[in-house]
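*Asks:* What follows is query-v4.txt, compact mmCIF, C-alpha atoms (C1' of nucleotides).
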# COMPACT_ATOMS: atom_id res chain seq x y z
CA MET A 267 122.47 76.59 104.12
CA PRO A 268 125.86 78.22 103.49
CA ASP A 269 125.74 81.82 102.32
CA ARG A 270 126.30 82.18 98.67
CA ASP A 271 129.16 84.37 97.50
CA LEU A 272 127.65 87.80 97.06
CA ARG A 273 130.75 89.65 95.94
CA LYS A 274 130.15 89.25 92.27
CA PRO A 275 127.08 90.96 90.93
CA ASN A 276 125.92 88.00 88.93
CA ARG A 277 126.09 84.45 90.12
CA GLY A 278 124.49 82.64 87.23
CA PRO A 279 122.35 79.54 87.31
CA ALA A 280 124.28 78.10 90.24
CA ALA A 281 121.72 79.48 92.64
CA GLY A 282 119.45 76.82 91.25
CA PRO A 283 115.96 76.06 92.50
CA GLY A 284 116.90 77.18 95.98
CA ASN A 285 115.92 80.65 94.91
CA ARG A 286 112.27 79.75 94.98
CA ALA A 287 112.41 78.50 98.52
CA ALA A 288 114.47 81.51 99.55
CA LEU A 289 111.86 83.82 98.08
CA ILE A 290 109.04 82.10 99.92
CA ALA A 291 110.90 82.27 103.19
CA ALA A 292 111.77 85.91 102.64
CA ALA A 293 108.18 86.70 101.75
CA ARG A 294 106.98 85.14 104.98
CA ASP A 295 109.29 87.40 106.93
CA VAL A 296 108.39 90.49 104.97
CA TYR A 297 104.66 89.85 105.28
CA ALA A 298 105.00 89.34 109.01
CA ALA A 299 106.95 92.54 109.41
CA ASP A 300 105.20 94.89 107.01
CA GLY A 301 102.00 93.18 106.03
CA LEU A 302 100.78 91.79 102.77
CA THR A 303 101.04 95.14 101.01
CA ALA A 304 104.76 95.48 101.52
CA PRO A 305 106.60 96.37 98.31
CA PHE A 306 106.94 93.31 96.15
CA SER A 307 110.54 94.18 95.46
CA ALA A 308 111.27 94.09 99.19
CA VAL A 309 110.91 90.33 98.99
CA ALA A 310 113.61 90.06 96.38
CA ARG A 311 115.88 92.29 98.41
CA ARG A 312 115.28 90.27 101.57
CA ALA A 313 115.94 87.04 99.73
CA GLY A 314 119.17 88.42 98.31
CA VAL A 315 117.87 87.74 94.86
CA GLY A 316 117.46 89.86 91.77
CA GLN A 317 114.21 91.43 90.70
CA GLY A 318 114.29 89.24 87.64
CA SER A 319 114.35 86.02 89.60
CA LEU A 320 111.45 87.17 91.71
CA TYR A 321 109.22 87.76 88.71
CA ARG A 322 110.45 84.63 86.99
CA HIS A 323 109.29 82.45 89.86
CA PHE A 324 106.20 84.42 90.80
CA PRO A 325 104.54 86.44 88.05
CA ASP A 326 102.57 88.52 90.54
CA ARG A 327 102.21 89.05 94.24
CA THR A 328 99.25 86.75 94.54
CA ALA A 329 101.22 83.84 93.17
CA LEU A 330 103.84 84.39 95.83
CA ALA A 331 101.35 84.91 98.62
CA VAL A 332 99.49 81.73 97.73
CA ALA A 333 102.74 79.80 97.73
CA VAL A 334 103.55 81.19 101.15
CA PHE A 335 100.21 80.53 102.75
CA GLU A 336 99.71 77.15 101.25
CA GLU A 337 101.86 76.17 104.16
CA ASN A 338 99.62 77.90 106.71
CA LEU A 339 96.59 76.12 105.37
CA GLY A 340 98.41 72.82 105.50
CA ASP A 341 99.12 73.52 109.13
CA LEU A 342 95.46 74.15 109.83
CA GLU A 343 94.37 71.04 108.00
CA HIS A 344 96.89 68.93 109.77
CA PHE A 345 96.12 70.43 113.14
CA THR A 346 92.38 69.88 112.87
CA ALA A 347 92.67 66.36 111.54
CA PRO A 348 92.28 64.49 114.84
CA GLU A 349 88.77 63.41 115.63
CA ASP A 350 88.47 65.40 118.82
CA ARG A 351 89.31 68.82 117.45
CA THR A 352 86.79 71.59 117.99
CA ILE A 353 85.95 74.94 116.47
CA ASP A 354 87.53 76.40 119.55
CA ASP A 355 90.74 74.65 118.60
CA LEU A 356 90.49 76.06 115.12
CA LEU A 357 90.12 79.56 116.49
CA ASP A 358 93.09 78.90 118.72
CA ARG A 359 95.18 77.87 115.79
CA VAL A 360 94.12 80.81 113.70
CA ILE A 361 95.05 83.06 116.59
CA ALA A 362 98.40 81.36 116.91
CA GLN A 363 99.10 81.94 113.24
CA ALA A 364 97.86 85.50 113.45
CA MET A 365 100.20 86.21 116.32
CA VAL A 366 103.04 85.59 113.92
CA SER A 367 101.47 87.16 110.88
CA THR A 368 98.00 88.20 109.94
CA ALA A 369 98.76 88.26 106.26
CA PHE A 370 97.20 84.88 105.61
CA ILE A 371 93.70 85.89 106.57
CA THR A 372 94.26 89.25 104.99
CA LEU A 373 94.88 87.46 101.74
CA LEU A 374 91.84 85.24 102.09
CA THR A 375 89.50 88.09 102.86
CA ALA A 376 91.01 90.86 100.78
CA ASN A 377 90.72 89.30 97.34
CA PRO A 378 88.73 86.09 97.48
CA HIS A 379 87.97 86.47 93.77
CA ASP A 380 91.30 85.33 92.50
CA PRO A 381 90.95 81.64 91.67
CA ARG A 382 94.24 80.76 93.31
CA VAL A 383 93.16 82.41 96.53
CA ALA A 384 89.70 80.95 96.23
CA SER A 385 91.10 77.45 96.22
CA LEU A 386 92.72 78.16 99.56
CA GLY A 387 89.43 79.59 100.76
CA ILE A 388 87.59 76.45 99.77
CA ARG A 389 89.97 74.28 101.68
CA PHE A 390 89.64 76.50 104.72
CA ARG A 391 85.90 76.31 104.45
CA ALA A 392 86.09 72.53 104.30
CA VAL A 393 88.03 72.48 107.54
CA ALA A 394 85.49 74.68 109.27
CA SER A 395 82.60 72.72 107.85
CA ARG A 396 83.87 69.41 109.08
CA LEU A 397 84.46 70.70 112.60
CA LEU A 398 81.10 72.40 112.69
CA SER A 399 79.03 69.42 111.64
CA ARG A 400 80.64 67.24 114.24
CA GLU A 401 80.21 69.76 117.01
CA ARG A 402 76.63 70.30 116.10
CA SER A 403 75.97 66.59 116.29
CA PHE A 404 77.27 66.69 119.84
CA GLY A 405 75.09 69.68 120.67
CA HIS A 406 78.12 71.74 121.54
CA VAL A 407 77.13 74.37 119.04
CA GLY A 408 73.74 75.87 118.33
CA GLU A 409 71.73 74.41 115.47
CA HIS A 410 71.35 77.86 113.99
CA ILE A 411 75.09 78.27 113.38
CA GLU A 412 76.21 77.78 109.79
CA VAL A 413 79.60 77.50 108.18
CA GLU A 414 79.36 81.11 107.09
CA ASP A 415 79.14 82.10 110.71
CA VAL A 416 82.34 80.28 111.51
CA LEU A 417 84.07 81.82 108.52
CA MET A 418 82.83 85.23 109.50
CA ALA A 419 84.08 84.71 113.02
CA THR A 420 87.54 83.62 111.95
CA GLY A 421 87.72 86.50 109.51
CA MET A 422 86.67 89.04 112.11
CA LEU A 423 88.99 87.56 114.66
CA ALA A 424 92.01 87.64 112.43
CA THR A 425 91.20 91.08 111.13
CA SER A 426 90.95 92.45 114.62
CA LEU A 427 94.28 90.92 115.46
CA ALA A 428 95.80 92.35 112.34
CA ARG A 429 94.69 95.81 113.34
CA ALA A 430 95.72 95.58 116.95
CA GLU A 431 99.10 96.52 118.32
CA PRO A 432 101.11 93.35 118.83
CA GLY A 433 101.05 94.02 122.54
CA GLN A 434 97.28 94.19 122.55
CA ARG A 435 96.75 90.98 120.66
CA PRO A 436 96.38 88.62 123.61
CA GLU A 437 93.73 90.87 125.08
CA VAL A 438 91.96 91.23 121.74
CA SER A 439 91.93 87.53 121.07
CA ARG A 440 90.69 86.78 124.56
CA ARG A 441 87.80 89.18 124.18
CA ALA A 442 86.89 88.07 120.70
CA ARG A 443 87.02 84.44 121.71
CA ALA A 444 84.59 85.06 124.57
CA LEU A 445 82.26 86.91 122.25
CA PHE A 446 82.16 84.16 119.67
CA ARG A 447 81.92 81.38 122.18
CA ALA A 448 78.78 83.00 123.53
CA ALA A 449 77.47 83.54 120.03
CA PHE A 450 78.00 79.92 119.01
CA ALA A 451 76.62 78.35 122.16
CA PRO A 452 73.34 76.43 121.89
CA ARG A 453 70.37 78.60 122.78
CA MET B 156 74.78 126.78 94.68
CA PRO B 157 75.36 128.16 91.15
CA ASP B 158 78.29 126.72 89.29
CA ARG B 159 81.27 128.92 89.28
CA ASP B 160 82.75 130.04 86.00
CA LEU B 161 85.35 127.43 85.17
CA ARG B 162 86.51 128.81 81.88
CA LYS B 163 89.32 130.86 83.26
CA PRO B 164 92.07 128.87 84.84
CA ASN B 165 92.27 131.04 87.91
CA ARG B 166 89.30 132.45 89.73
CA GLY B 167 90.98 134.24 92.60
CA PRO B 168 89.66 134.69 96.10
CA ALA B 169 86.08 134.92 94.91
CA ALA B 170 85.60 131.24 95.62
CA GLY B 171 85.80 132.19 99.27
CA PRO B 172 85.20 129.84 102.16
CA GLY B 173 82.81 127.80 100.05
CA ASN B 174 85.85 125.88 98.92
CA ARG B 175 86.20 124.23 102.26
CA ALA B 176 82.66 122.93 102.23
CA ALA B 177 83.04 121.84 98.63
CA LEU B 178 86.13 119.86 99.53
CA ILE B 179 84.40 118.13 102.40
CA ALA B 180 81.46 117.19 100.24
CA ALA B 181 83.74 115.98 97.48
CA ALA B 182 85.76 113.95 99.96
CA ARG B 183 82.63 112.26 101.21
CA ASP B 184 81.80 111.18 97.67
CA VAL B 185 85.31 110.06 96.89
CA TYR B 186 85.61 108.07 100.11
CA ALA B 187 82.31 106.37 99.44
CA ALA B 188 83.33 105.46 95.93
CA ASP B 189 86.98 104.53 96.34
CA GLY B 190 87.55 104.21 100.05
CA LEU B 191 89.65 106.18 102.45
CA THR B 192 92.83 105.47 100.56
CA ALA B 193 91.72 107.14 97.36
CA PRO B 194 94.30 109.57 95.99
CA PHE B 195 94.21 112.75 97.97
CA SER B 196 94.36 114.76 94.79
CA ALA B 197 91.19 113.07 93.59
CA VAL B 198 89.32 115.08 96.18
CA ALA B 199 90.56 118.34 94.74
CA ARG B 200 89.66 117.21 91.26
CA ARG B 201 86.20 116.16 92.35
CA ALA B 202 85.63 119.45 94.11
CA GLY B 203 86.73 121.39 91.05
CA VAL B 204 89.39 123.03 93.12
CA GLY B 205 93.12 123.40 92.75
CA GLN B 206 95.64 121.24 94.50
CA GLY B 207 96.83 124.32 96.33
CA SER B 208 93.46 125.01 97.89
CA LEU B 209 93.16 121.44 99.03
CA TYR B 210 96.42 121.54 100.96
CA ARG B 211 95.71 125.04 102.24
CA HIS B 212 92.50 123.94 103.90
CA PHE B 213 93.62 120.47 104.93
CA PRO B 214 97.33 119.97 105.53
CA ASP B 215 96.99 116.20 105.34
CA ARG B 216 94.48 113.50 104.61
CA THR B 217 93.63 112.92 108.24
CA ALA B 218 92.60 116.53 108.71
CA LEU B 219 90.18 116.19 105.83
CA ALA B 220 88.88 112.82 106.93
CA VAL B 221 88.22 114.05 110.45
CA ALA B 222 86.33 117.04 109.09
CA VAL B 223 84.23 114.73 106.94
CA PHE B 224 83.41 112.20 109.63
CA GLU B 225 82.78 114.73 112.35
CA GLU B 226 79.43 114.79 110.67
CA ASN B 227 78.94 111.02 110.89
CA LEU B 228 79.68 111.06 114.56
CA GLY B 229 77.25 113.90 115.09
CA ASP B 230 74.63 111.79 113.39
CA LEU B 231 75.32 108.88 115.72
CA GLU B 232 75.23 111.09 118.79
CA HIS B 233 72.02 112.71 117.73
CA PHE B 234 70.42 109.44 116.76
CA THR B 235 71.21 107.74 120.04
CA ALA B 236 70.16 110.68 122.17
CA PRO B 237 66.56 109.57 122.93
CA GLU B 238 66.15 107.70 126.17
CA ASP B 239 64.87 104.52 124.58
CA ARG B 240 67.70 103.87 122.16
CA THR B 241 69.45 100.54 122.37
CA ILE B 242 72.76 99.06 121.34
CA ASP B 243 70.82 97.34 118.64
CA ASP B 244 69.79 100.73 117.36
CA LEU B 245 73.40 101.84 117.40
CA LEU B 246 74.43 98.83 115.35
CA ASP B 247 71.59 99.61 112.98
CA ARG B 248 72.81 103.12 112.55
CA VAL B 249 76.40 102.06 112.04
CA ILE B 250 75.19 99.64 109.41
CA ALA B 251 73.18 102.36 107.74
CA GLN B 252 76.23 104.59 107.58
CA ALA B 253 78.39 101.73 106.39
CA MET B 254 75.99 100.99 103.58
CA VAL B 255 76.83 104.42 102.22
CA SER B 256 80.48 104.41 103.12
CA THR B 257 82.67 102.36 105.39
CA ALA B 258 85.40 104.95 105.45
CA PHE B 259 84.36 106.33 108.82
CA ILE B 260 85.01 103.16 110.75
CA THR B 261 88.05 102.51 108.61
CA LEU B 262 89.44 105.80 109.82
CA LEU B 263 88.61 105.08 113.47
CA THR B 264 90.17 101.66 113.44
CA ALA B 265 93.04 102.21 111.02
CA ASN B 266 94.93 104.93 112.84
CA PRO B 267 93.47 105.51 116.28
CA HIS B 268 96.77 107.02 117.37
CA ASP B 269 96.34 110.35 115.69
CA PRO B 270 94.97 112.70 118.35
CA ARG B 271 92.40 114.14 115.97
CA VAL B 272 91.06 110.69 115.21
CA ALA B 273 91.27 109.71 118.84
CA SER B 274 88.94 112.48 119.83
CA LEU B 275 86.33 111.06 117.49
CA GLY B 276 86.97 107.65 118.97
CA ILE B 277 86.40 108.93 122.47
CA ARG B 278 83.10 110.42 121.53
CA PHE B 279 82.05 107.19 119.88
CA ARG B 280 83.01 105.29 122.95
CA ALA B 281 80.93 107.65 125.08
CA VAL B 282 77.89 106.90 122.95
CA ALA B 283 78.38 103.17 123.29
CA SER B 284 79.05 103.43 126.99
CA ARG B 285 75.87 105.32 127.70
CA LEU B 286 73.73 102.87 125.79
CA LEU B 287 75.40 99.92 127.39
CA SER B 288 74.99 101.03 130.98
CA ARG B 289 71.33 101.67 130.48
CA GLU B 290 70.70 98.36 128.80
CA ARG B 291 72.59 96.52 131.43
CA SER B 292 70.45 98.12 134.12
CA PHE B 293 67.42 96.72 132.31
CA GLY B 294 68.99 93.32 132.10
CA HIS B 295 68.76 93.37 128.34
CA VAL B 296 72.46 92.78 128.06
CA GLY B 297 74.66 90.39 129.98
CA GLU B 298 76.56 91.74 132.95
CA HIS B 299 79.77 90.42 131.49
CA ILE B 300 79.62 92.72 128.47
CA GLU B 301 81.90 95.74 128.60
CA VAL B 302 82.23 98.81 126.42
CA GLU B 303 85.20 97.27 124.71
CA ASP B 304 82.99 94.45 123.56
CA VAL B 305 80.56 96.87 121.98
CA LEU B 306 83.39 98.75 120.32
CA MET B 307 84.88 95.52 119.07
CA ALA B 308 81.52 94.46 117.70
CA THR B 309 80.91 97.71 115.85
CA GLY B 310 84.43 97.63 114.50
CA MET B 311 84.12 94.06 113.30
CA LEU B 312 80.72 94.72 111.85
CA ALA B 313 81.80 97.75 109.90
CA THR B 314 84.99 96.10 108.76
CA SER B 315 83.10 93.12 107.44
CA LEU B 316 80.77 95.42 105.57
CA ALA B 317 83.68 97.33 104.16
CA ARG B 318 85.17 94.13 102.78
CA ALA B 319 81.96 92.72 101.40
CA GLU B 320 80.63 93.32 97.93
CA PRO B 321 77.95 95.99 98.15
CA GLY B 322 75.42 93.38 97.05
CA GLN B 323 76.41 91.12 99.90
CA ARG B 324 76.18 93.74 102.58
CA PRO B 325 72.60 93.13 103.68
CA GLU B 326 73.37 89.46 104.13
CA VAL B 327 76.60 90.19 105.96
CA SER B 328 74.99 92.67 108.31
CA ARG B 329 72.12 90.30 109.02
CA ARG B 330 74.47 87.51 109.92
CA ALA B 331 76.78 89.65 111.99
CA ARG B 332 73.86 91.19 113.82
CA ALA B 333 72.54 87.79 114.78
CA LEU B 334 75.96 86.74 115.99
CA PHE B 335 76.42 89.77 118.20
CA ARG B 336 72.91 89.69 119.53
CA ALA B 337 73.52 86.20 120.76
CA ALA B 338 76.89 87.20 122.17
CA PHE B 339 75.47 90.15 124.10
CA ALA B 340 72.42 88.38 125.48
CA PRO B 341 72.29 87.73 129.21
CA ARG B 342 73.52 84.31 130.10
C1' DC C 589 91.10 154.60 88.81
C1' DT C 590 95.07 152.46 91.04
C1' DA C 591 97.80 149.95 94.25
C1' DG C 592 97.87 146.36 97.35
C1' DT C 593 96.40 142.04 99.28
C1' DA C 594 94.73 137.59 99.87
C1' DC C 595 93.76 133.63 97.88
C1' DC C 596 93.21 130.55 93.97
C1' DG C 597 94.40 126.89 90.32
C1' DG C 598 97.28 123.86 88.39
C1' DA C 599 102.00 122.89 86.78
C1' DC C 600 105.74 120.58 88.42
C1' DA C 601 109.53 118.34 91.01
C1' DT C 602 110.00 114.36 93.81
C1' DC C 603 109.43 109.91 95.35
C1' DC C 604 108.25 105.11 95.30
C1' DA C 605 106.53 100.75 93.51
C1' DT C 606 106.18 97.97 89.43
C1' DG C 607 107.55 95.01 85.87
C1' DT C 608 110.80 94.51 81.92
C1' DC C 609 115.07 93.85 79.80
C1' DC C 610 119.72 92.72 79.03
C1' DG C 611 124.65 91.97 79.89
C1' DG C 612 126.88 88.61 82.27
C1' DT C 613 127.95 84.20 84.65
C1' DA C 614 128.01 79.25 85.79
C1' DC C 615 127.27 75.02 84.17
C1' DT C 616 126.99 71.27 80.38
C1' DA C 617 128.05 68.81 76.32
C1' DG C 618 131.02 67.66 72.85
C1' DC D 1224 139.33 73.55 75.85
C1' DT D 1225 135.36 75.61 73.58
C1' DA D 1226 130.68 76.63 72.31
C1' DG D 1227 126.17 76.81 73.77
C1' DT D 1228 122.54 77.25 77.10
C1' DA D 1229 119.90 78.44 80.95
C1' DC D 1230 119.40 81.35 84.37
C1' DC D 1231 120.74 85.17 87.33
C1' DG D 1232 121.10 90.09 89.18
C1' DG D 1233 120.15 94.60 88.97
C1' DA D 1234 119.56 98.76 86.04
C1' DC D 1235 115.96 101.14 84.15
C1' DA D 1236 111.65 102.85 81.97
C1' DT D 1237 107.02 103.70 83.36
C1' DG D 1238 103.17 105.29 85.94
C1' DG D 1239 100.89 107.30 89.70
C1' DA D 1240 100.60 109.80 94.12
C1' DT D 1241 102.29 113.58 96.96
C1' DG D 1242 103.17 118.11 98.37
C1' DT D 1243 105.18 122.64 96.90
C1' DC D 1244 105.43 126.75 94.40
C1' DC D 1245 104.23 130.56 91.64
C1' DG D 1246 101.87 133.36 88.16
C1' DG D 1247 97.55 135.15 88.06
C1' DT D 1248 92.93 136.87 89.47
C1' DA D 1249 89.24 139.02 92.26
C1' DC D 1250 88.36 141.91 95.71
C1' DT D 1251 89.38 146.09 98.90
C1' DA D 1252 90.99 150.46 100.31
C1' DG D 1253 92.35 154.90 99.35
Starting from the file, give its structure as C-alpha cells.
*Replies:*
Amino acid sequence: MPDRDLRKPNRGPAAGPGNRAALIAAARDVYAADGLTAPFSAVARRAGVGQGSLYRHFPDRTALAVAVFEENLGDLEHFTAPEDRTIDDLLDRVIAQAMVSTAFITLLTANPHDPRVASLGIRFRAVASRLLSRERSFGHVGEHIEVEDVLMATGMLATSLARAEPGQRPEVSRRARALFRAAFAPR
Amino acid sequence: MPDRDLRKPNRGPAAGPGNRAALIAAARDVYAADGLTAPFSAVARRAGVGQGSLYRHFPDRTALAVAVFEENLGDLEHFTAPEDRTIDDLLDRVIAQAMVSTAFITLLTANPHDPRVASLGIRFRAVASRLLSRERSFGHVGEHIEVEDVLMATGMLATSLARAEPGQRPEVSRRARALFRAAFAPR
DNA sequence: CTAGTACCGGACATCCATGTCCGGTACTAG
DNA sequence: CTAGTACCGGACATGGATGTCCGGTACTAG
C-alpha cells in the first residue's frame, strides 16, 4: 500500500473505502498499545485519517471494536474447528491472542450488554460449548463442569494477562493454566 | 455526629480533624457506588467538604484509597487470626467485602507499583501465606499450591465479582469458589 | 476586645476526550 | 471544459475531571 500524499490538508474521496480498513488496522495497534480505553481520536490520528472519517465509518467506539475483534473471533473459530481440538487448545489460543492484545476479552467482559458485543459473546460461547461437550464425552473433563465454567476461566485468564506486566505474562498464563487444568479435571 | 451548619459558605477551622474521617467515610461510599475511578471531586462533594480540604488531606487519589482500604485489610487480618481459619474462610471474607465494594481488590491489582499500595499487598500476601502453610501441613491443600496461586485466585475472584452485575454476584462467587476448591485440592 | 493564625470552602483555570460541522478536494457525468 | 456530487480532513464547541488558589471564617493568645 503506497503512502497517500499527505501534503495537502484535504484529499477528497480518493482515499476511498481503504479508509475503513486503515482505521481497523490502526485501532488494532492502538488497542494493543494503550488498551481498549485509549482515546477514540487516537485511532484516527494513527490511521492518518480525519476525525470526520472515523465517525462516519464507526459511529461509536463499540462499532469499531466489534469490527476489529470480529477477526479475533474468526481466528478462534477457525482454530478450534478440527475435530481433535481441546479446551486446552482454546485456552492456548486465547493466551496467544492476549499476548498481543487483551482488548478482545476486555471488550467481551466489560460491556456484554451491547447487542453487537453480545453476538460475539454468543459465538465465543458456541466454540467453548462444542469443545466442552466433546471432551466430556471422552471423560477428559469432569461431568460437573459447565460452559459457564469455561467462559469464566477464559475471562479470568485473559483478565489476569491484561493486568500483568508483559514480561510477567508467560508466568501468569502458566500458573493460571495449571490452576484451571486441575479445576476441570474429572474428580 | 451532629450536622455542621452548612448555611455559611465557609466554616473555618472549626471542622477540625473530623474532616479527614468524613472524607474516608465518603470515599468508601463513593467507591462502593461508582467504583475506584469515580471522580475524585465526588468524594469532597459527598463529604460536604471543599475541594481544598480534600487535596489538603489526601494529595492524590491513591493516598485516599489506601487510607480507606487500610481498614479492609485490617478486617482480613483480624478475621483470619484464629488458629482454625482456612483459605476457604479467606475467600469467603474477600467475597463478603467484594459484595459491598470491589474497589479494594481493584486497587491492589490495578496499580501494585505504588509503594503505598504495595505495602497493603505485602500484608495481604502475609495473610494468605500463613493460611496456606498451615493448610498444607494438614494436607488439606495440594503440595503444588503456592502463595501466588492463592493470590491469583483471590484476585480473579474479586475481579469477576467486580465485573458482574450485583444480582449475579452470588452465582459468580459460588461458581468461582467451586473452581478454586477443585484446583487447590490435593491431587 | 483585638490581632494573628490556621484552616476551610468553593470558584476557577487548565486539560483532555468527544462528537459535530463545514470548507475544500477529487472524481464523475454530460 | 464545466457543473455536480460524494467524501475527506481537521477545526471547534462542549462537557467533565483535575488540581490550585484565595477570600473568608473560627479559634487562640495577649
*Asks:* So what do you get for CA of Ala181 (chain B) versus C1' of DC596 (chain C), distance-wise?
*Replies:*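 So the two atoms, CA of Ala181 (chain B) and C1' of DC596 (chain C), lie 17.7 Å apart.
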*Asks:* How far is it from C1' of DT608 (chain C) to CA of Arg382 (chain A), in Å with one decimal?
*Replies:*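 Interatomic distance, C1' of DT608 (chain C) to CA of Arg382 (chain A): 24.4 Å.
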*Asks:* Pull out every residue of chain A sitting within 6 Å of chain B, counting all atoms listed in the file, and send them as a list in words.
*Replies:*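 Matching residues, ligands excluded from the count: Met422, Leu445, Ala448 and Ala449 of chain A.
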*Asks:* Please, what distance in Å, to one decimal, runs between CA of Val413 (chain A) and CA of Glu349 (chain A)?
*Replies:*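 It comes out at 18.4 Å.
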*Asks:* If we count all atoms listed in the file, which residues of chain D reach to within 8 Å of chain A? Please list them as a ChimeraX atom specification.
*Replies:* /D:1229-1233
*Asks:* As AutoDock Vina command-line options, what would the box around region 600-617 of chain C look like: edges along x, y and z, 5 Å added on every side, centre and edge lengths in Å to one decimal?
*Replies:*
--center_x 116.9 --center_y 94.7 --center_z 85.8 --size_x 32.3 --size_y 61.8 --size_z 29.0
*Asks:* Counting only C-alpha atoms (C1' of nucleotides), which residues in chain C sit no more than 9 Å from chain B? For each one, give the nearest pair of atoms and the distance in Å, sorted by chain then residue number, as a Markdown table.
*Replies:*
| residue | atom | partner | partner_atom | distance |
| --- | --- | --- | --- | --- |
| C:DA594 | C1' | B:Pro168 | CA | 7.0 |
| C:DC595 | C1' | B:Pro168 | CA | 4.6 |
| C:DC596 | C1' | B:Gly167 | CA | 4.5 |
| C:DG597 | C1' | B:Gly205 | CA | 4.4 |
| C:DG598 | C1' | B:Gly205 | CA | 6.0 |
*Asks:* Of the residues B:Arg285, B:Arg216, B:Arg278, B:Arg200, which is the one nearest to Ala236 (chain B), using only C-alpha atoms?
*Replies:*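 The answer is B:Arg285, which sits nearest to Ala236 (chain B).
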*Asks:* Residues around (94.3, 150.9, 98.8), cut-off 6 Å, counting all atoms listed in the file - what are they as a list in words?
*Replies:* DA591 and DG592 of chain C; DA1252 and DG1253 of chain D
*Asks:* Check the smallest atom-to-atom distance from each of A:Glu343, A:Glu336, A:Glu409, A:Glu437 to Leu374 (chain A) using only C-alpha atoms, then report the winner.
*Replies:*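 Among the listed residues, A:Glu336 lies closest to Leu374 (chain A).
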*Asks:* For Ala281 (chain B), work out the shell of residues within 12 Å, counting only C-alpha atoms (C1' of nucleotides) and skipping chain neighbours fewer than 4 positions away, then give it as an MDAnalysis selection string.
*Replies:* chainID B and resid 228 231:232 235:236 274:277 285:288 302:303 305:306
*Asks:* Give me the residues near Asp184 (chain B) as JSON, numbers by chain, where near means some atom within 12 Å (using only C-alpha atoms (C1' of nucleotides)) and where sequence neighbours in that chain fewer than 2 positions away do not count.
*Replies:* {"B": [177, 178, 179, 180, 181, 182, 186, 187, 188, 189, 190, 191, 193, 197, 198, 199, 200, 201, 202, 220, 223, 255, 256, 257, 258]}
*Asks:* Compare A:Leu330, A:Phe390, A:Phe306, A:Thr352 by their minimum atom-to-atom distance to Arg286 (chain A), counting only C-alpha atoms, and give me the closest one.
*Replies:*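 Under the stated criterion, the closest residue is A:Leu330.
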*Asks:* Which is closest to Ala317 (chain B) among B:Ala283, B:Ile250, B:Val296, B:Ala218, if we use only C-alpha atoms?
*Replies:*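 Among the listed residues, B:Ile250 lies closest to Ala317 (chain B).
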